[in-house]
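Structure first, commentary second.
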Amino acid sequence: MNLIQFMGALEVGFLYGLVAMAVLLSFRILDFPDLTVDGSLPLGAAVCAILIVSGVNPWLATGCAILAGMVAGFTTAWISVRWNILHLLASILTMTALYSINLRIMGRPNIALLGEQTIFTPLENFTSLEDFSYLRHYTMSIAMGVIAIVILVFIYRFLSSEKGLAMRATGANPRMAKAQGVSVNRQVLFGIALSNGLVALAGALWAQYAGFADVTMGVGTIVVGLAAVIVGEAFFNPKVILTALIACILGSIFYRLAIAVALNASFLGLQASDLQLVTAIIVGFAMITPKLRSKILDFKASRSQA
Amino acid sequence: MSKANVIKKLLTALLLSLSLNNSSLANSPPKHIAITQYVEHVAADAVRQGLVDELIQKGYQEGKNLTIDFENAQGSAATASQIARKFVGLKPDVIVAITTPSAQTMVKTVGKNSIPIVFSAVTDPIAAGLVSSLKDHKAKVTGVMDAPPIKEQIAFIKTILPNAKKIGILYNPGDSGSVSSLQIIRKEAKAEGFTLVESTPFKSSDIQTAVLQLVGKVDAIYVPLDNMIVSAMKTVSSLALKHNLPLFSADNGSVEAGALACVGYSYIQTGHKTGEIVAEILNGKDPSEIAVASPGTIDIFINRQALEKLKIILPVTVRTQAHFF
């Protein structure tokens, strides 16, 4: 693995860290398995891309993408809460519909942002100057890191506030929360909207980072997000919300590093087509290792007792 | 022969062999190309094969004077971007990006003025933002565009089935290739007097239903250059044949998979053209001076089994030109 590749893994890792935090919100905190994200990631990218090519300020376009994602999440939650439909099914409905909606928004399956003004343009211009070109490989990962940390702090502050605590109570024990006067439905509606707004933000950033929005880019988002959450949990065994959020980002970075390693595994006689398998094995191994370690420790402890 | 003479001769021989060794060392620091594609796909694989074959013809053989790195994003945009990073770090002489999303990711990551990028199997490189124009693009990005010859394809249906009125068209609305060709298809079909019946599966699991939806309503089925449909060609072709519907495809690999006929560029040909451009760059030509190319001649491909089952008799002109499978 070379430096540029390592930095690339960091960039993508930080970016998908947003998705991982969104998945943590829905799956773990609200206990609401939400597959909408496979649709809201390309939704964010689509809204952002079409606005940018129409000449809208990229920051405003990114903001609109977040709003669109929130609407998508709200729809899922509303179908589930209002009509009492299983959360999984409600989210599949929205995700399916979003494919057509994204095509409508973009008007075509692929919008190129190469050469357009994006929120990263000032940064790219800066590193294209002679004097600062040596920074070129680092700036983007620093930018992505800053974004991820800002979002992390935002979510952490929110979840520690009274409103956030009500949301966590809703996920942990809805009946108890209701008894305490928490409007459970409203918490779910807002929480899922927030989660999908975050995913749409990731989509919007992705489109600007990768230089295009494509309607197929959402496939497997939920798997990647969930993998990051679970890898993070396996490694750091978080007890409090702050470490859980940090674990999300680190889990996401680890997942990207696993892919980067898999991309360099050709010396083992592996082919390009084995990539997914190698990634799965590395991630699986990483998740099993902490458990193996505690097993071994248990075994030693029992032996020393006997 | 004097002693001195012998020594002189020996010395010359020695020097000669040394200089030969030197020259062979000097002219072959092995060239390095890096290839990436977005998905596993018969067409994309064929392009890569054609590319490698052409490079051998041009004197670049893998393992001898050429190193090839190959990566496949397996359908993930994030992985495609990580592959792009890997390639930037490898600093190859040329990067070859097969299919649109791969090429876009590569151009964004590498930039237009650093490592030469040769794209291939891209339908519309200008709309994709890869080049500003086909000729004077002034950037180190060039390649082969394979916009399908739709006019010829629709006219060909008329040649084979002069009595056909309604044509079913099967495409995935999420595929940039087929959607970009749709308007031209509609126009050309109108020109030939065909009525189009559209059937649009979103997922490969919907393809079967989508084909059956056309049965009884149309005289023939036409499939544009659509990744998803083309990948499921065996399903489409066996269903079409079962219901006696002639199946025309814009992708020539489909004919091997059972479609009746295809008029178009072969992917191998696209690959060869890509290889020509890569070889030119390896030989020192500036990529900004190489115009975006088309694959070249249009071929006719016919499936013999389907032809017999459908009891279609080909016009002599077609029969003599066509490649049969």
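Note on naming: chains are A, B, ... as they come in the structure tokens, residues start from 1 per chain, ligands start from 1 in the order shown.
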Give me the residues of chain B that have any atom at most 9 Å from an atom of chain A; for each, the nearest atom pair and the distance in Å, rounded to one decimal. Use only C-alpha atoms, sort by chain and number, and format it as JSON lines.
{"residue": "B:Glu40", "atom": "CA", "partner": "A:Ser273", "partner_atom": "CA", "distance": 7.8}
{"residue": "B:Phe70", "atom": "CA", "partner": "A:Ala272", "partner_atom": "CA", "distance": 6.7}
{"residue": "B:Glu71", "atom": "CA", "partner": "A:Ala272", "partner_atom": "CA", "distance": 5.1}
{"residue": "B:Asn72", "atom": "CA", "partner": "A:Ala272", "partner_atom": "CA", "distance": 5.5}
{"residue": "B:Ala73", "atom": "CA", "partner": "A:Leu275", "partner_atom": "CA", "distance": 8.3}
{"residue": "B:Gln74", "atom": "CA", "partner": "A:Ser273", "partner_atom": "CA", "distance": 7.3}
{"residue": "B:Gly75", "atom": "CA", "partner": "A:Met217", "partner_atom": "CA", "distance": 8.3}
{"residue": "B:Ser76", "atom": "CA", "partner": "A:Met217", "partner_atom": "CA", "distance": 7.0}
{"residue": "B:Ala77", "atom": "CA", "partner": "A:Met217", "partner_atom": "CA", "distance": 6.0}
{"residue": "B:Ala78", "atom": "CA", "partner": "A:Val12", "partner_atom": "CA", "distance": 6.8}
{"residue": "B:Thr79", "atom": "CA", "partner": "A:Ile259", "partner_atom": "CA", "distance": 7.5}
{"residue": "B:Ser81", "atom": "CA", "partner": "A:Ala210", "partner_atom": "CA", "distance": 7.0}
{"residue": "B:Gln82", "atom": "CA", "partner": "A:Gly8", "partner_atom": "CA", "distance": 5.9}
{"residue": "B:Ile83", "atom": "CA", "partner": "A:Leu263", "partner_atom": "CA", "distance": 7.5}
{"residue": "B:Ala84", "atom": "CA", "partner": "A:Gln5", "partner_atom": "CA", "distance": 8.4}
{"residue": "B:Arg85", "atom": "CA", "partner": "A:Gln5", "partner_atom": "CA", "distance": 4.9}
{"residue": "B:Lys86", "atom": "CA", "partner": "A:Gln5", "partner_atom": "CA", "distance": 4.9}
{"residue": "B:Phe87", "atom": "CA", "partner": "A:Gln5", "partner_atom": "CA", "distance": 8.3}
{"residue": "B:Val88", "atom": "CA", "partner": "A:Ile4", "partner_atom": "CA", "distance": 7.2}
{"residue": "B:Gly89", "atom": "CA", "partner": "A:Ile4", "partner_atom": "CA", "distance": 5.6}
{"residue": "B:Leu90", "atom": "CA", "partner": "A:Asn2", "partner_atom": "CA", "distance": 8.0}
{"residue": "B:Pro101", "atom": "CA", "partner": "A:Asp214", "partner_atom": "CA", "distance": 7.9}
{"residue": "B:Gln104", "atom": "CA", "partner": "A:Gly211", "partner_atom": "CA", "distance": 6.7}
{"residue": "B:Thr105", "atom": "CA", "partner": "A:Ala210", "partner_atom": "CA", "distance": 5.7}
{"residue": "B:Met106", "atom": "CA", "partner": "A:Ala210", "partner_atom": "CA", "distance": 8.8}
{"residue": "B:Val107", "atom": "CA", "partner": "A:Leu114", "partner_atom": "CA", "distance": 8.0}
{"residue": "B:Lys108", "atom": "CA", "partner": "A:Gly211", "partner_atom": "CA", "distance": 5.7}
{"residue": "B:Thr109", "atom": "CA", "partner": "A:Ala210", "partner_atom": "CA", "distance": 7.5}
{"residue": "B:Ala127", "atom": "CA", "partner": "A:Ala112", "partner_atom": "CA", "distance": 7.2}
{"residue": "B:Ala128", "atom": "CA", "partner": "A:Ala112", "partner_atom": "CA", "distance": 5.3}
{"residue": "B:Gly129", "atom": "CA", "partner": "A:Ala112", "partner_atom": "CA", "distance": 5.5}
{"residue": "B:Leu130", "atom": "CA", "partner": "A:Leu114", "partner_atom": "CA", "distance": 7.4}
{"residue": "B:Pro173", "atom": "CA", "partner": "A:Pro109", "partner_atom": "CA", "distance": 7.5}
{"residue": "B:Gly174", "atom": "CA", "partner": "A:Pro109", "partner_atom": "CA", "distance": 5.2}
{"residue": "B:Asp175", "atom": "CA", "partner": "A:Pro109", "partner_atom": "CA", "distance": 6.0}
{"residue": "B:Ser176", "atom": "CA", "partner": "A:Pro109", "partner_atom": "CA", "distance": 4.9}
{"residue": "B:Gly177", "atom": "CA", "partner": "A:Pro109", "partner_atom": "CA", "distance": 8.7}
{"residue": "B:Val179", "atom": "CA", "partner": "A:Arg108", "partner_atom": "CA", "distance": 7.0}
{"residue": "B:Ser180", "atom": "CA", "partner": "A:Arg108", "partner_atom": "CA", "distance": 7.7}
{"residue": "B:Phe202", "atom": "CA", "partner": "A:Tyr99", "partner_atom": "CA", "distance": 8.6}
Prev. selection, N, CA and C atoms, output as a compact mmCIF listing (two decimals), in the first residue's frame:
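And here is the file that came out, again_22.txt:
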# COMPACT_ATOMS: atom_id res chain seq x y z
N GLU B 40 -17.83 -6.69 -13.31
CA GLU B 40 -17.57 -7.90 -14.08
C GLU B 40 -18.60 -7.94 -15.20
N PHE B 70 -4.23 -4.82 -12.90
CA PHE B 70 -5.65 -4.81 -13.22
C PHE B 70 -6.48 -4.85 -11.95
N GLU B 71 -7.46 -3.95 -11.85
CA GLU B 71 -8.36 -3.97 -10.70
C GLU B 71 -9.80 -3.80 -11.17
N ASN B 72 -10.72 -4.43 -10.43
CA ASN B 72 -12.13 -4.36 -10.75
C ASN B 72 -12.90 -3.85 -9.54
N ALA B 73 -13.70 -2.79 -9.71
CA ALA B 73 -14.38 -2.18 -8.56
C ALA B 73 -15.57 -3.01 -8.09
N GLN B 74 -15.93 -4.05 -8.81
CA GLN B 74 -17.06 -4.92 -8.47
C GLN B 74 -18.30 -4.12 -8.12
N GLY B 75 -18.54 -3.08 -8.89
CA GLY B 75 -19.79 -2.34 -8.77
C GLY B 75 -19.84 -1.32 -7.65
N SER B 76 -18.75 -1.11 -6.93
CA SER B 76 -18.80 -0.15 -5.82
C SER B 76 -18.06 1.14 -6.17
N ALA B 77 -18.78 2.27 -6.07
CA ALA B 77 -18.18 3.56 -6.38
C ALA B 77 -17.02 3.87 -5.44
N ALA B 78 -17.18 3.50 -4.16
CA ALA B 78 -16.13 3.78 -3.18
C ALA B 78 -14.87 2.99 -3.51
N THR B 79 -15.04 1.73 -3.89
CA THR B 79 -13.88 0.92 -4.26
C THR B 79 -13.22 1.48 -5.51
N SER B 81 -12.97 4.50 -6.34
CA SER B 81 -12.14 5.63 -5.94
C SER B 81 -10.86 5.17 -5.26
N GLN B 82 -10.95 4.09 -4.50
CA GLN B 82 -9.74 3.58 -3.86
C GLN B 82 -8.77 2.99 -4.89
N ILE B 83 -9.34 2.38 -5.94
CA ILE B 83 -8.50 1.87 -7.02
C ILE B 83 -7.77 3.02 -7.70
N ALA B 84 -8.52 4.12 -7.91
CA ALA B 84 -7.91 5.29 -8.54
C ALA B 84 -6.71 5.78 -7.73
N ARG B 85 -6.88 5.80 -6.39
CA ARG B 85 -5.78 6.22 -5.52
C ARG B 85 -4.58 5.30 -5.68
N LYS B 86 -4.87 4.00 -5.74
CA LYS B 86 -3.77 3.04 -5.87
C LYS B 86 -2.99 3.34 -7.16
N PHE B 87 -3.73 3.59 -8.24
CA PHE B 87 -3.08 3.82 -9.54
C PHE B 87 -2.25 5.10 -9.52
N VAL B 88 -2.75 6.14 -8.86
CA VAL B 88 -1.99 7.39 -8.78
C VAL B 88 -0.64 7.10 -8.11
N GLY B 89 -0.69 6.28 -7.07
CA GLY B 89 0.54 5.96 -6.36
C GLY B 89 1.49 5.11 -7.18
N LEU B 90 0.93 4.24 -8.04
CA LEU B 90 1.78 3.36 -8.85
C LEU B 90 2.50 4.13 -9.95
N PRO B 101 -18.34 5.09 -15.22
CA PRO B 101 -18.03 5.49 -13.84
C PRO B 101 -16.55 5.34 -13.49
N GLN B 104 -14.74 8.31 -15.00
CA GLN B 104 -15.00 9.56 -14.27
C GLN B 104 -14.21 9.61 -12.98
N THR B 105 -14.22 8.50 -12.23
CA THR B 105 -13.48 8.47 -10.97
C THR B 105 -12.00 8.70 -11.23
N MET B 106 -11.50 8.07 -12.28
CA MET B 106 -10.08 8.16 -12.59
C MET B 106 -9.69 9.60 -12.95
N VAL B 107 -10.50 10.23 -13.80
CA VAL B 107 -10.20 11.61 -14.22
C VAL B 107 -10.23 12.55 -13.02
N LYS B 108 -11.22 12.35 -12.14
CA LYS B 108 -11.33 13.21 -10.96
C LYS B 108 -10.11 13.04 -10.05
N THR B 109 -9.67 11.80 -9.86
CA THR B 109 -8.59 11.54 -8.92
C THR B 109 -7.23 11.91 -9.50
N ALA B 127 -20.62 14.23 -22.45
CA ALA B 127 -21.64 14.33 -21.40
C ALA B 127 -21.10 13.81 -20.07
N ALA B 128 -20.21 12.84 -20.13
CA ALA B 128 -19.65 12.27 -18.90
C ALA B 128 -18.59 13.19 -18.29
N GLY B 129 -18.27 14.27 -18.98
CA GLY B 129 -17.31 15.23 -18.43
C GLY B 129 -15.86 14.81 -18.57
N LEU B 130 -15.59 13.79 -19.40
CA LEU B 130 -14.22 13.28 -19.51
C LEU B 130 -13.36 14.17 -20.40
N PRO B 173 -34.02 1.77 -16.87
CA PRO B 173 -34.00 3.23 -16.85
C PRO B 173 -32.83 3.80 -16.05
N GLY B 174 -32.11 2.94 -15.31
CA GLY B 174 -30.99 3.43 -14.52
C GLY B 174 -29.66 3.31 -15.24
N ASP B 175 -29.68 2.85 -16.49
CA ASP B 175 -28.42 2.64 -17.20
C ASP B 175 -28.13 3.84 -18.09
N SER B 176 -27.02 4.52 -17.83
CA SER B 176 -26.75 5.75 -18.57
C SER B 176 -26.57 5.49 -20.06
N GLY B 177 -26.00 4.32 -20.40
CA GLY B 177 -25.79 3.99 -21.81
C GLY B 177 -27.11 3.90 -22.57
N VAL B 179 -30.16 4.89 -21.68
CA VAL B 179 -31.01 6.08 -21.62
C VAL B 179 -30.50 7.15 -22.59
N SER B 180 -29.16 7.27 -22.68
CA SER B 180 -28.64 8.30 -23.59
C SER B 180 -28.94 7.96 -25.04
N PHE B 202 -36.30 -2.71 -13.56
CA PHE B 202 -35.33 -1.97 -12.75
C PHE B 202 -34.26 -2.89 -12.18
Compile the contact shell of B:Asn244 as a PyMOL selection string: residues with an atom at most 9 Å away, counting only C-alpha atoms, same-chain residues fewer than 5 positions apart removed.
-> chain B and resi 220+239+309-310
Put those residues in a file: C-alpha atoms, as a tab-separated table (two decimals), in the first residue's frame.
chain	number	residue	atom	x	y	z
B	220	ALA	CA	-39.69	-8.18	-32.42
B	239	LEU	CA	-37.85	-16.44	-23.46
B	309	LYS	CA	-36.16	-21.75	-35.14
B	310	LEU	CA	-37.75	-18.50	-36.32
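Interatomic distance, atom CA of B:Leu134 to atom CA of B:Ala293: 8.0 Å.
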Using only C-alpha atoms, which residues sit within 12 Å of B:Glu188 once same-chain residues fewer than 3 positions away are excluded, as a list in words?
-> Pro149, Ile150, Lys151, Glu152, Gln153, Ile154, Ala155, Phe156, Ile157, Lys158, Ile167, Ser181, Leu182, Gln183, Ile184, Ile185, Ala191, Glu192, Gly193, Phe194, Thr195 and Leu196 of chain B
Got a sec: who's within 7 Å of A:Gly44, counting only C-alpha atoms, leaving out chain neighbours fewer than 5 positions off, as a ChimeraX atom specification?
-> /A:65-66,68-69,200-201,203-204
Can you write out the residues you just picked, keeping N, CA and C atoms, as a PDB file, in the first residue's frame?
ATOM      1  N   ALA A  65     -29.516  18.903  -0.304  1.00  0.00           N
ATOM      2  CA  ALA A  65     -29.389  17.445  -0.305  1.00  0.00           C
ATOM      3  C   ALA A  65     -29.737  16.893   1.072  1.00  0.00           C
ATOM      4  N   ILE A  66     -29.243  17.572   2.135  1.00  0.00           N
ATOM      5  CA  ILE A  66     -29.541  17.109   3.494  1.00  0.00           C
ATOM      6  C   ILE A  66     -31.050  17.139   3.728  1.00  0.00           C
ATOM      7  N   ALA A  68     -33.453  16.958   1.514  1.00  0.00           N
ATOM      8  CA  ALA A  68     -34.098  15.909   0.729  1.00  0.00           C
ATOM      9  C   ALA A  68     -33.971  14.563   1.447  1.00  0.00           C
ATOM     10  N   GLY A  69     -32.790  14.297   1.986  1.00  0.00           N
ATOM     11  CA  GLY A  69     -32.573  13.050   2.722  1.00  0.00           C
ATOM     12  C   GLY A  69     -33.478  12.969   3.936  1.00  0.00           C
ATOM     13  N   ALA A 200     -27.662  11.456   3.258  1.00  0.00           N
ATOM     14  CA  ALA A 200     -27.745  12.289   2.058  1.00  0.00           C
ATOM     15  C   ALA A 200     -26.571  13.264   2.003  1.00  0.00           C
ATOM     16  N   LEU A 201     -26.168  13.766   3.169  1.00  0.00           N
ATOM     17  CA  LEU A 201     -24.982  14.628   3.222  1.00  0.00           C
ATOM     18  C   LEU A 201     -23.766  13.860   2.709  1.00  0.00           C
ATOM     19  N   GLY A 203     -23.828  11.426   0.652  1.00  0.00           N
ATOM     20  CA  GLY A 203     -24.020  11.284  -0.795  1.00  0.00           C
ATOM     21  C   GLY A 203     -23.611  12.545  -1.537  1.00  0.00           C
ATOM     22  N   ALA A 204     -24.026  13.701  -0.997  1.00  0.00           N
ATOM     23  CA  ALA A 204     -23.700  14.975  -1.636  1.00  0.00           C
ATOM     24  C   ALA A 204     -22.188  15.200  -1.643  1.00  0.00           C
TER      25      ALA A 204
END
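Using only C-alpha atoms, the smallest distance between any of A:Val240, A:Ser160, A:Gly191, A:Gly197 and A:Gly63 comes from A:Gly197.
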Can you tell me, as a PyMOL selection string, what residues are no more than 8 Å from stretch 26-34 of chain A when counting only C-alpha atoms, ignoring any on the same chain fewer than 3 positions away?
-> chain A and resi 22-23+37+87-88+91+167-168+170-172+188+191-192+195
Quick one: which stretch 40-125 of chain B residues come within 8 Å of stretch 281-292 of chain B, and what is the nearest atom pair for each with the distance in Å to one decimal, counting only C-alpha atoms, rows ordered by chain and ascending number, as a Markdown table?
| residue | atom | partner | partner_atom | distance |
| --- | --- | --- | --- | --- |
| B:Asp93 | CA | B:Leu282 | CA | 6.9 |
| B:Val94 | CA | B:Leu282 | CA | 7.5 |
| B:Pro116 | CA | B:Pro287 | CA | 6.5 |
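Residue nearest A:Phe14 within the list A:Ser183, A:Ser80, A:Ser252, A:Asn173: A:Ser252 [criterion: smallest interatomic distance, only C-alpha atoms].
In terms of minimum interatomic distance to B:Ala306, B:Glu256 ranks closest within B:Glu256, B:Asp206, B:Glu276, B:Asp251, counting only C-alpha atoms.
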Would you mind writing down, as a ChimeraX atom specification, each residue of stretch 45-261 of chain A that DSSP on the backbone assigns to strand (DSSP E or B)?
-> /A:110-112,212-214
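One distance worth recording is that between atom CA of A:Ile249 and atom CA of A:Leu89, which is 27.8 Å.
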Name the residues of stretch 80-286 of chain A that fall into helix (DSSP H, G or I) according to DSSP on the backbone, using the chain letters and numbers of this document, as a PyMOL selection string.
-> chain A and resi 80-82+87-106+121-127+130-160+162-172+174-179+184-210+221-236+241-263+265-268+272-286
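The residue that comes closest to B:His32, out of B:Val131, B:Met228, B:Val278, B:Val218 and on the basis of only C-alpha atoms, is B:Val278.
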May I have the residues within 6 Å of B:Arg48 as a PyMOL selection string, using only C-alpha atoms and disregarding those fewer than 3 positions away in the same chain?
-> chain B and resi 45+51+271
Write out as a PyMOL selection string which residues come within 9 Å of B:Val144 when counting only C-alpha atoms, dropping same-chain ones fewer than 5 positions away.
-> chain B and resi 118-123+125+270-271+273-274+277+292-295
File dump, residues just selected, C-alpha atoms, as a PDB file, in the first residue's frame:
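Just written: again-v5.pdb:
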ATOM      1  CA  VAL B 118      -7.292   6.218 -21.927  1.00  0.00           C
ATOM      2  CA  PHE B 119     -10.989   5.486 -21.456  1.00  0.00           C
ATOM      3  CA  SER B 120     -12.879   2.767 -23.286  1.00  0.00           C
ATOM      4  CA  ALA B 121     -16.453   1.540 -23.712  1.00  0.00           C
ATOM      5  CA  VAL B 122     -17.778   5.009 -22.850  1.00  0.00           C
ATOM      6  CA  THR B 123     -20.911   5.968 -24.786  1.00  0.00           C
ATOM      7  CA  PRO B 125     -17.395  11.075 -23.146  1.00  0.00           C
ATOM      8  CA  THR B 270     -13.161  -1.613 -29.256  1.00  0.00           C
ATOM      9  CA  GLY B 271     -10.380  -3.155 -27.207  1.00  0.00           C
ATOM     10  CA  LYS B 273      -8.692   0.396 -30.930  1.00  0.00           C
ATOM     11  CA  THR B 274      -7.999   1.181 -27.267  1.00  0.00           C
ATOM     12  CA  ILE B 277      -4.091   4.448 -28.584  1.00  0.00           C
ATOM     13  CA  VAL B 292     -11.187  10.354 -29.240  1.00  0.00           C
ATOM     14  CA  ALA B 293     -11.741   7.425 -31.601  1.00  0.00           C
ATOM     15  CA  SER B 294     -14.581   5.164 -32.701  1.00  0.00           C
ATOM     16  CA  PRO B 295     -14.058   1.408 -32.801  1.00  0.00           C
TER      17      PRO B 295
END
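Straight-line separation from atom CA of A:Trp59 to atom CA of A:Val47: 12.1 Å.
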